[in-house]
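One structure is given below, encoded as structure tokens.
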Amino acid sequence: MNAPGATTSEHEARARAAMAAAAAPDARRATQVLAAQVDRDVAWQLEACVRCGQCAEACHFHLATNDPRLAPVRKLQPLQTAYRRERVPFPALRQSLGLAPAELTAGELAEWSELVYDSCNLCGRCTLACPMGIDIAGLVRRSREGLCAGGFAPADLYKAAQRALDTGSPTGVGWPTLKRHIEVQQEETGIPIPVDVKGAEYLVILSSIEMANFPEVIGALARIFRQAKVSWTLPSRGFEATNVGIQIGSRDVAAALLSRIVEAAERLQVTHVISPECGHAYSALRWEGPNLLGRPYPFKVIHIVELLDQLVREGRLRLRGKDGRRLAFHDPCQLVRRGGVIEEPYRLLNAVSANPVEMPSSGAANFCCGGGGGVSAIGRAEGLRFAAFECKKRQVEAAGAEALVTACANCRNVLEEAIDHDGMQLPVLGLTELLSQYLAAEPGATG
Amino acid sequence: MNAMDLLEFARGPALWFSLFVLFAGSAWRVVAIVRLGKRPDLSEPRDARPFAGAMRGILQRMILRKELRSRSKLGAMQGYLYHAGLAVVVFGFLPHIAFVERLTGISWPALPGPLVYVAVALTIVSLSIVLLERLTDPVLRLISTFDDYFSWGVVFLPLVTGMAALGGWPQESAGSAPLYPVPLAIHLLSVELLLVWLPFGKLAHAFLVFGSRAVTGIAIARKGAAL
């Protein structure tokens, strides 16, 4: 945990130092950081494994490839080794008696990098399957801390992390780009889009993929919030929600990126920060953030889907008409299974869809799109990601969906790429944008 | 050492030693985990009832989610069978109850002998299938360690020695029939080996599972996420 009350620049200095240290791979450092990840709860889980292999049957990477190396429990081997070597009682005595496992080597850690990053979306389906109740995805997330600190994370993620620290965004999308998008959306909707409004109730932040690929979401939010009379603002600093620190497994980078959002929220004195349509951004901001920064937030975090559902249920959003296609909702893992926003997206979809269809094991036990957990940003993992899409594809075909709807821009992007790769014809829609298309016209409104 | 000496050793010092190792070793294993501590979670919980979360975690994980059942390994289904079979044999067999009563004064009604024998047979078959799967399934072969095979052996052994102590498949009156001292001593020693090994290998999941399921149950309940 970082020191409570550290400033954004202090967080950033620590993050830069962590990235600089990782430039020279060091198995010893990786082992030390891995061992430091093991607290009481992690130890309960590592100790309880009976190696039943159930987790393999839940993992889309294993199911699609049949490769036994990709069994989720096997991805925990570096963490298990570091724990058994360094964190159990009397480690020096055990090592001298030959009772401790051999020290992890750079070669082993490089080999496990593929397992811990390329073939794991941190989606948590394996966690659901474990009869011992081991949160395997959570432990892989912790394993990444060790591999990242030791310099064994994929180069693409290091680059993305460095870019996020340098430019504010892992894809390099800066304020000038967002400002242009805001201007275009203002023109298209005819609705003024508030920026840096002090005292607004809700702070809207966006994921880099939304800004790069789906900027229409800004206009959609403007239309929705106008009808619902929501007081909101975008910040000109601290608007990037994507947290590559969570994906690569660097608490320092994650804290630095989060502190920018927290600083914006505090500067603008908002009461709520809206997590956008991005699964890992939600996980970072809602669940990991206060622990990374070492203090509770002075504001509440709400996911856009939760807020939209609340506005519909309160009667503040009035909808008219429905989409006639067979629409299936793709559950973003970090939002639904791991995040606890389970019923809300389905209520919203049902409100605007005349023919909603459900994929097999939809909801909590869905298959990941294949690109979560930073996998979509790892170039060398592309083939594996497309292979893993097979599980999702089977679900989509079983449902007979004519279009997919989701609430994560990364899922949307990954699904579109995989659909294109497989030569399928299937539009993928964002839930917020879909909802905004079915707003009842306001008396006297033109937008 | 004659046959009766061996039996007395198995019923006396070896038994007490194995029970001491069982309880001390189990306590040590738990202390080694708990001493690591945990920082409080500062995120705002959706559900701030950790006890309810822990209980939900412990109970709900007894049954595999229906969405994940179709491709389940054989072992998942066998798991229910041999755990139930072992429970019937250990706690339902009259001689075992008599043995516990002699040590503690506590007893309970026994299950009918034929039911126990069926349970023994099913457990032996089930454990054999589990071993076969571990030896042939590519994932299980890859992730298995010495602990997996040794633990299987120390569970299987008392079933075999128990059958041998009864002189094969027992007759109607079995359970009260006199047993030969050497096979009985070997059966007792095999059980004691299991008790000595239990705290240190994977068999410790007998108590570790509650901690593991509980901490995950609590963490997931905080988020209102799927368990």
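Following the order of the structure tokens, chains are lettered A, B, ..., residues in each are numbered from 1, and ligands are numbered from 1.
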Would you kindly report the residues of chain A within 8 Å of chain B, using only C-alpha atoms, as a compact mmCIF listing (two decimals) with N, CA and C atoms, in the first residue's frame?
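This went into iface-v6.txt:
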# COMPACT_ATOMS: atom_id res chain seq x y z
N VAL A 38 1.83 -12.23 -0.63
CA VAL A 38 1.11 -13.26 0.13
C VAL A 38 0.79 -12.74 1.53
N ASP A 39 -0.47 -12.44 1.73
CA ASP A 39 -0.95 -12.11 3.07
C ASP A 39 -1.77 -13.30 3.58
N ARG A 40 -2.48 -13.10 4.66
CA ARG A 40 -3.24 -14.19 5.27
C ARG A 40 -4.22 -14.82 4.28
N ASP A 41 -4.97 -13.96 3.60
CA ASP A 41 -6.01 -14.49 2.72
C ASP A 41 -5.42 -15.24 1.52
N ALA A 43 -2.54 -16.77 1.53
CA ALA A 43 -1.97 -18.01 2.05
C ALA A 43 -3.05 -19.07 2.25
N TRP A 44 -4.21 -18.67 2.79
CA TRP A 44 -5.32 -19.63 2.92
C TRP A 44 -5.59 -20.31 1.59
N GLN A 45 -5.59 -19.49 0.54
CA GLN A 45 -5.96 -20.01 -0.77
C GLN A 45 -4.86 -20.87 -1.38
N GLU A 47 -2.65 -22.54 0.17
CA GLU A 47 -2.50 -23.77 0.95
C GLU A 47 -3.63 -24.76 0.68
N ALA A 48 -4.79 -24.25 0.24
CA ALA A 48 -5.96 -25.12 0.15
C ALA A 48 -6.07 -25.88 -1.17
N CYS A 49 -5.24 -25.53 -2.14
CA CYS A 49 -5.39 -26.15 -3.47
C CYS A 49 -5.15 -27.66 -3.40
N VAL A 50 -6.07 -28.42 -4.01
CA VAL A 50 -5.92 -29.88 -4.04
C VAL A 50 -5.57 -30.36 -5.46
N ARG A 51 -5.29 -29.41 -6.33
CA ARG A 51 -4.89 -29.73 -7.71
C ARG A 51 -5.89 -30.69 -8.37
N CYS A 52 -7.16 -30.26 -8.34
CA CYS A 52 -8.22 -31.08 -8.92
C CYS A 52 -8.39 -30.80 -10.41
N GLY A 53 -7.88 -29.65 -10.87
CA GLY A 53 -7.96 -29.35 -12.29
C GLY A 53 -9.29 -28.82 -12.76
N GLN A 54 -10.23 -28.58 -11.84
CA GLN A 54 -11.55 -28.05 -12.22
C GLN A 54 -11.44 -26.71 -12.95
N ALA A 56 -9.38 -25.67 -15.03
CA ALA A 56 -9.05 -25.77 -16.46
C ALA A 56 -10.32 -25.85 -17.30
N GLU A 57 -11.34 -26.50 -16.75
CA GLU A 57 -12.58 -26.70 -17.49
C GLU A 57 -13.41 -25.42 -17.58
N ALA A 58 -13.00 -24.40 -16.83
CA ALA A 58 -13.74 -23.14 -16.87
C ALA A 58 -13.03 -22.10 -17.74
N PRO A 68 -2.66 -28.17 -21.85
CA PRO A 68 -2.67 -28.33 -20.39
C PRO A 68 -1.84 -27.27 -19.67
N ARG A 69 -0.88 -26.66 -20.36
CA ARG A 69 -0.06 -25.63 -19.72
C ARG A 69 -0.90 -24.43 -19.30
N ALA A 71 -3.83 -24.38 -17.90
CA ALA A 71 -4.73 -24.58 -16.75
C ALA A 71 -4.50 -23.46 -15.75
N VAL A 73 -4.70 -22.97 -12.60
CA VAL A 73 -3.93 -23.20 -11.36
C VAL A 73 -2.43 -23.22 -11.63
N ARG A 74 -2.06 -23.63 -12.81
CA ARG A 74 -0.63 -23.69 -13.14
C ARG A 74 -0.02 -22.29 -13.24
N VAL A 88 6.80 -18.83 4.21
CA VAL A 88 6.39 -19.81 5.22
C VAL A 88 7.30 -19.64 6.44
N PRO A 89 6.93 -20.18 7.60
CA PRO A 89 7.78 -20.01 8.78
C PRO A 89 9.19 -20.60 8.57
N LEU A 128 -14.87 -19.11 -10.14
CA LEU A 128 -16.22 -19.67 -9.91
C LEU A 128 -16.19 -21.19 -9.80
N ALA A 129 -15.23 -21.80 -10.51
CA ALA A 129 -15.21 -23.26 -10.60
C ALA A 129 -14.48 -23.93 -9.45
N CYS A 130 -13.65 -23.18 -8.74
CA CYS A 130 -12.76 -23.83 -7.76
C CYS A 130 -13.54 -24.33 -6.54
N PRO A 131 -13.52 -25.63 -6.29
CA PRO A 131 -14.27 -26.15 -5.14
C PRO A 131 -13.65 -25.72 -3.80
N MET A 132 -12.39 -25.31 -3.82
CA MET A 132 -11.75 -24.86 -2.59
C MET A 132 -11.99 -23.36 -2.36
N GLY A 133 -12.68 -22.72 -3.29
CA GLY A 133 -12.97 -21.30 -3.14
C GLY A 133 -11.76 -20.42 -3.37
N ILE A 134 -10.81 -20.89 -4.16
CA ILE A 134 -9.61 -20.10 -4.42
C ILE A 134 -9.92 -19.08 -5.52
N ASP A 135 -9.64 -17.83 -5.23
CA ASP A 135 -9.84 -16.79 -6.24
C ASP A 135 -8.61 -16.78 -7.14
N ARG A 286 -13.17 1.44 -8.50
CA ARG A 286 -14.16 1.11 -7.48
C ARG A 286 -13.60 0.25 -6.35
N TRP A 287 -12.82 -0.79 -6.75
CA TRP A 287 -12.43 -1.77 -5.73
C TRP A 287 -10.98 -1.69 -5.30
N GLU A 288 -10.08 -1.43 -6.23
CA GLU A 288 -8.66 -1.42 -5.85
C GLU A 288 -8.19 -0.04 -5.42
N GLY A 289 -8.81 1.01 -5.97
CA GLY A 289 -8.31 2.37 -5.80
C GLY A 289 -8.02 2.80 -4.37
N PRO A 290 -9.01 2.74 -3.48
CA PRO A 290 -8.73 3.22 -2.11
C PRO A 290 -7.59 2.45 -1.44
N ASN A 291 -7.47 1.18 -1.77
CA ASN A 291 -6.39 0.38 -1.18
C ASN A 291 -5.04 0.74 -1.79
N GLY A 294 -4.27 4.15 -0.31
CA GLY A 294 -4.12 4.11 1.15
C GLY A 294 -5.11 4.97 1.90
N ARG A 295 -6.21 5.33 1.25
CA ARG A 295 -7.24 6.12 1.94
C ARG A 295 -8.58 5.96 1.23
N PRO A 296 -9.68 6.07 1.99
CA PRO A 296 -10.99 6.03 1.33
C PRO A 296 -11.18 7.30 0.49
N VAL A 336 -19.46 -7.46 -14.33
CA VAL A 336 -20.54 -8.38 -13.93
C VAL A 336 -20.01 -9.40 -12.92
N ARG A 337 -19.26 -10.38 -13.41
CA ARG A 337 -18.82 -11.47 -12.52
C ARG A 337 -17.96 -10.95 -11.37
N ARG A 338 -17.01 -10.07 -11.68
CA ARG A 338 -16.06 -9.63 -10.67
C ARG A 338 -16.46 -8.34 -9.99
N GLY A 339 -17.39 -7.60 -10.62
CA GLY A 339 -17.69 -6.26 -10.11
C GLY A 339 -19.01 -6.14 -9.38
N GLY A 340 -19.90 -7.10 -9.57
CA GLY A 340 -21.16 -7.08 -8.84
C GLY A 340 -22.27 -6.29 -9.51
N VAL A 341 -22.03 -5.81 -10.74
CA VAL A 341 -23.11 -5.12 -11.48
C VAL A 341 -23.71 -6.18 -12.41
N ILE A 342 -24.63 -6.95 -11.87
CA ILE A 342 -25.08 -8.16 -12.56
C ILE A 342 -26.46 -8.00 -13.21
N PRO A 360 -25.85 -18.90 -23.64
CA PRO A 360 -25.68 -19.91 -22.58
C PRO A 360 -24.69 -19.40 -21.54
N SER A 361 -24.97 -19.65 -20.28
CA SER A 361 -24.17 -19.21 -19.14
C SER A 361 -23.96 -17.70 -19.14
N ALA A 364 -23.26 -14.18 -14.67
CA ALA A 364 -22.05 -14.37 -13.86
C ALA A 364 -21.05 -15.35 -14.46
N ALA A 365 -21.52 -16.32 -15.25
CA ALA A 365 -20.60 -17.35 -15.73
C ALA A 365 -20.26 -17.19 -17.21
Original post:
For Leu135 (chain B), which residue among B:Ser18, B:Leu111, B:Tyr180, B:Tyr149 is the nearest when counting only C-alpha atoms?
Top reply: B:Tyr149
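With only C-alpha atoms as the basis for measurement, A:Arg84 is the residue among A:Arg325, A:Arg347, A:Arg84, A:His62 that approaches Leu46 (chain A) most closely.
In this structure, CA of Gly168 (chain A) sits 8.6 Å away from CA of Phe239 (chain A).
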Original post:
Neighbours of Trp197 (chain B) within 8 Å (only C-alpha atoms; same-chain residues fewer than 6 positions away dropped), as JSON, numbers by chain?
Top reply: {"B": [22, 151, 154, 203]}
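The list of residues with at least one atom within 10 Å of Thr81 (chain A), based on only C-alpha atoms and without residues fewer than 5 positions apart in the same chain, reads A:Thr31, A:Leu34, A:Ala35, A:Leu76, A:Glu86, A:Arg87, A:Ala100, A:Pro101, A:Ala102, A:Glu103, A:Leu104.
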Based on the selection just made, write C-alpha atoms of those residues as a short mmCIF file (atom, residue, chain, number, x, y, z; two decimals), in the first residue's frame.
data_model
loop_
_atom_site.label_atom_id
_atom_site.label_comp_id
_atom_site.auth_asym_id
_atom_site.auth_seq_id
_atom_site.Cartn_x
_atom_site.Cartn_y
_atom_site.Cartn_z
CA THR A 31 10.59 -13.41 -6.21
CA LEU A 34 5.83 -12.19 -5.40
CA ALA A 35 6.43 -13.31 -1.82
CA LEU A 76 0.01 -19.64 -9.88
CA GLU A 86 10.16 -16.99 1.32
CA ARG A 87 6.96 -16.57 3.35
CA ALA A 100 12.15 -25.17 0.21
CA PRO A 101 11.56 -25.13 -3.53
CA ALA A 102 14.42 -23.97 -5.73
CA GLU A 103 14.66 -20.26 -6.41
CA LEU A 104 12.77 -19.02 -9.45
#
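Restricting the calculation to only C-alpha atoms, the smallest distance between Ser376 (chain A) and any of A:Ala160, A:Ala18, A:Leu307, A:Val184 is found for A:Ala160.
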**OP:** Mind listing the helix (DSSP H, G or I) residues of region 268-387 of chain A, per DSSP on the backbone, as a VMD selection string?
**Re:** chain A and resid 268 279 to 293 304 to 313 344 to 352 363 to 365 375 to 377 379 to 387
Prev. selection, C-alpha atoms, output as a CSV table (one decimal), in the first residue's frame:
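Dumped to result00.csv:
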chain,number,residue,atom,x,y,z
A,268,LEU,CA,-13.9,19.9,-9.0
A,279,GLY,CA,-14.3,-3.3,-17.0
A,280,HIS,CA,-10.8,-2.9,-15.6
A,281,ALA,CA,-11.3,0.8,-15.1
A,282,TYR,CA,-14.2,0.0,-12.9
A,283,SER,CA,-12.2,-2.6,-11.0
A,284,ALA,CA,-9.3,-0.2,-10.6
A,285,LEU,CA,-11.4,2.8,-9.5
A,286,ARG,CA,-14.2,1.1,-7.5
A,287,TRP,CA,-12.4,-1.8,-5.7
A,288,GLU,CA,-8.7,-1.4,-5.8
A,289,GLY,CA,-8.3,2.4,-5.8
A,290,PRO,CA,-8.7,3.2,-2.1
A,291,ASN,CA,-6.4,0.4,-1.2
A,292,LEU,CA,-3.8,1.5,-3.7
A,293,LEU,CA,-3.9,5.1,-2.5
A,304,ILE,CA,-22.4,4.3,-15.7
A,305,VAL,CA,-24.6,1.2,-16.1
A,306,GLU,CA,-25.6,1.4,-12.4
A,307,LEU,CA,-26.4,5.1,-12.8
A,308,LEU,CA,-28.4,4.6,-16.0
A,309,ASP,CA,-30.4,1.8,-14.3
A,310,GLN,CA,-31.0,4.1,-11.3
A,311,LEU,CA,-32.2,6.9,-13.6
A,312,VAL,CA,-34.6,4.7,-15.4
A,313,ARG,CA,-36.0,3.2,-12.2
A,344,GLU,CA,-28.6,-3.7,-14.1
A,345,PRO,CA,-27.3,-4.2,-17.7
A,346,TYR,CA,-30.1,-6.8,-18.3
A,347,ARG,CA,-32.8,-4.4,-17.0
A,348,LEU,CA,-31.5,-1.7,-19.3
A,349,LEU,CA,-31.2,-4.0,-22.3
A,350,ASN,CA,-34.8,-5.2,-21.7
A,351,ALA,CA,-36.0,-1.6,-21.6
A,352,VAL,CA,-34.8,-0.9,-25.1
A,363,GLY,CA,-24.5,-13.3,-16.5
A,364,ALA,CA,-22.1,-14.4,-13.9
A,365,ALA,CA,-20.6,-17.4,-15.7
A,375,VAL,CA,-4.4,-9.2,-23.2
A,376,SER,CA,-5.8,-7.0,-26.1
A,377,ALA,CA,-2.7,-4.8,-25.7
A,379,GLY,CA,0.7,-8.1,-29.6
A,380,ARG,CA,2.3,-11.5,-29.2
A,381,ALA,CA,-1.0,-12.8,-27.6
A,382,GLU,CA,-3.2,-12.0,-30.6
A,383,GLY,CA,-3.3,-15.5,-32.0
A,384,LEU,CA,-4.2,-17.0,-28.7
A,385,ARG,CA,-6.9,-14.3,-28.2
A,386,PHE,CA,-8.5,-15.1,-31.5
A,387,ALA,CA,-8.4,-18.8,-30.6
Original post:
Between B:Glu133, B:Ile218, B:Val196, B:Val88, which is the closest to Ala14 (chain B) once you count only C-alpha atoms?
Top reply: B:Val196
**OP:** Please indicate the distance in Å from CA of Val21 (chain B) to CA of Leu166 (chain B), rounded to one decimal place.
**Re:** 27.5 Å
Could you name the residues that touch Leu19 (chain B) at 10 Å or less, counting only C-alpha atoms, but leaving out those on the same chain fewer than 5 positions away, as a PDB file with C-alpha atoms, in the first residue's frame?
ATOM      1  CA  PRO B  13       1.935 -45.026  21.758  1.00  0.00           C
ATOM      2  CA  ALA B  14       1.545 -44.931  17.972  1.00  0.00           C
ATOM      3  CA  ALA B  24      -0.322 -29.930  16.756  1.00  0.00           C
ATOM      4  CA  GLY B  25       0.479 -30.029  13.047  1.00  0.00           C
ATOM      5  CA  GLU B 192      -2.084 -43.442  12.016  1.00  0.00           C
ATOM      6  CA  LEU B 195      -3.302 -38.882  10.709  1.00  0.00           C
ATOM      7  CA  VAL B 196       0.402 -37.978  10.797  1.00  0.00           C
TER       8      VAL B 196
END
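Residues with any atom within 10 Å of Thr105 (chain A), counting only C-alpha atoms and excluding same-chain neighbours fewer than 6 positions away, are Asp26, Ala27, Arg28, Ala30, Thr31, Pro78 and Glu111 of chain A.
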I need the residues from that last selection saved to file as a compact mmCIF listing (two decimals), in the first residue's frame (with N, CA and C atoms), if you can.
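What landed in again_17.txt:
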# COMPACT_ATOMS: atom_id res chain seq x y z
N ASP A 26 15.14 -9.08 -13.33
CA ASP A 26 15.83 -9.55 -12.13
C ASP A 26 14.92 -10.57 -11.42
N ALA A 27 15.30 -11.83 -11.51
CA ALA A 27 14.47 -12.89 -10.93
C ALA A 27 14.36 -12.77 -9.41
N ARG A 28 15.42 -12.31 -8.78
CA ARG A 28 15.41 -12.18 -7.31
C ARG A 28 14.38 -11.14 -6.89
N ALA A 30 11.81 -10.16 -8.60
CA ALA A 30 10.48 -10.70 -8.89
C ALA A 30 10.03 -11.62 -7.76
N THR A 31 10.94 -12.46 -7.29
CA THR A 31 10.59 -13.41 -6.21
C THR A 31 10.22 -12.66 -4.93
N PRO A 78 4.59 -19.57 -10.00
CA PRO A 78 5.61 -18.64 -9.45
C PRO A 78 5.21 -18.09 -8.08
N GLU A 111 9.13 -17.76 -19.06
CA GLU A 111 8.19 -18.76 -19.58
C GLU A 111 6.80 -18.51 -18.99
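When only C-alpha atoms are used to measure the gap to Asp67 (chain A), the shortest distance among A:Cys391, A:Leu115, A:Leu109, A:Ala328 belongs to A:Leu115.
One distance worth recording is that between CA of Tyr117 (chain A) and CA of Asn213 (chain A), which is 24.3 Å.
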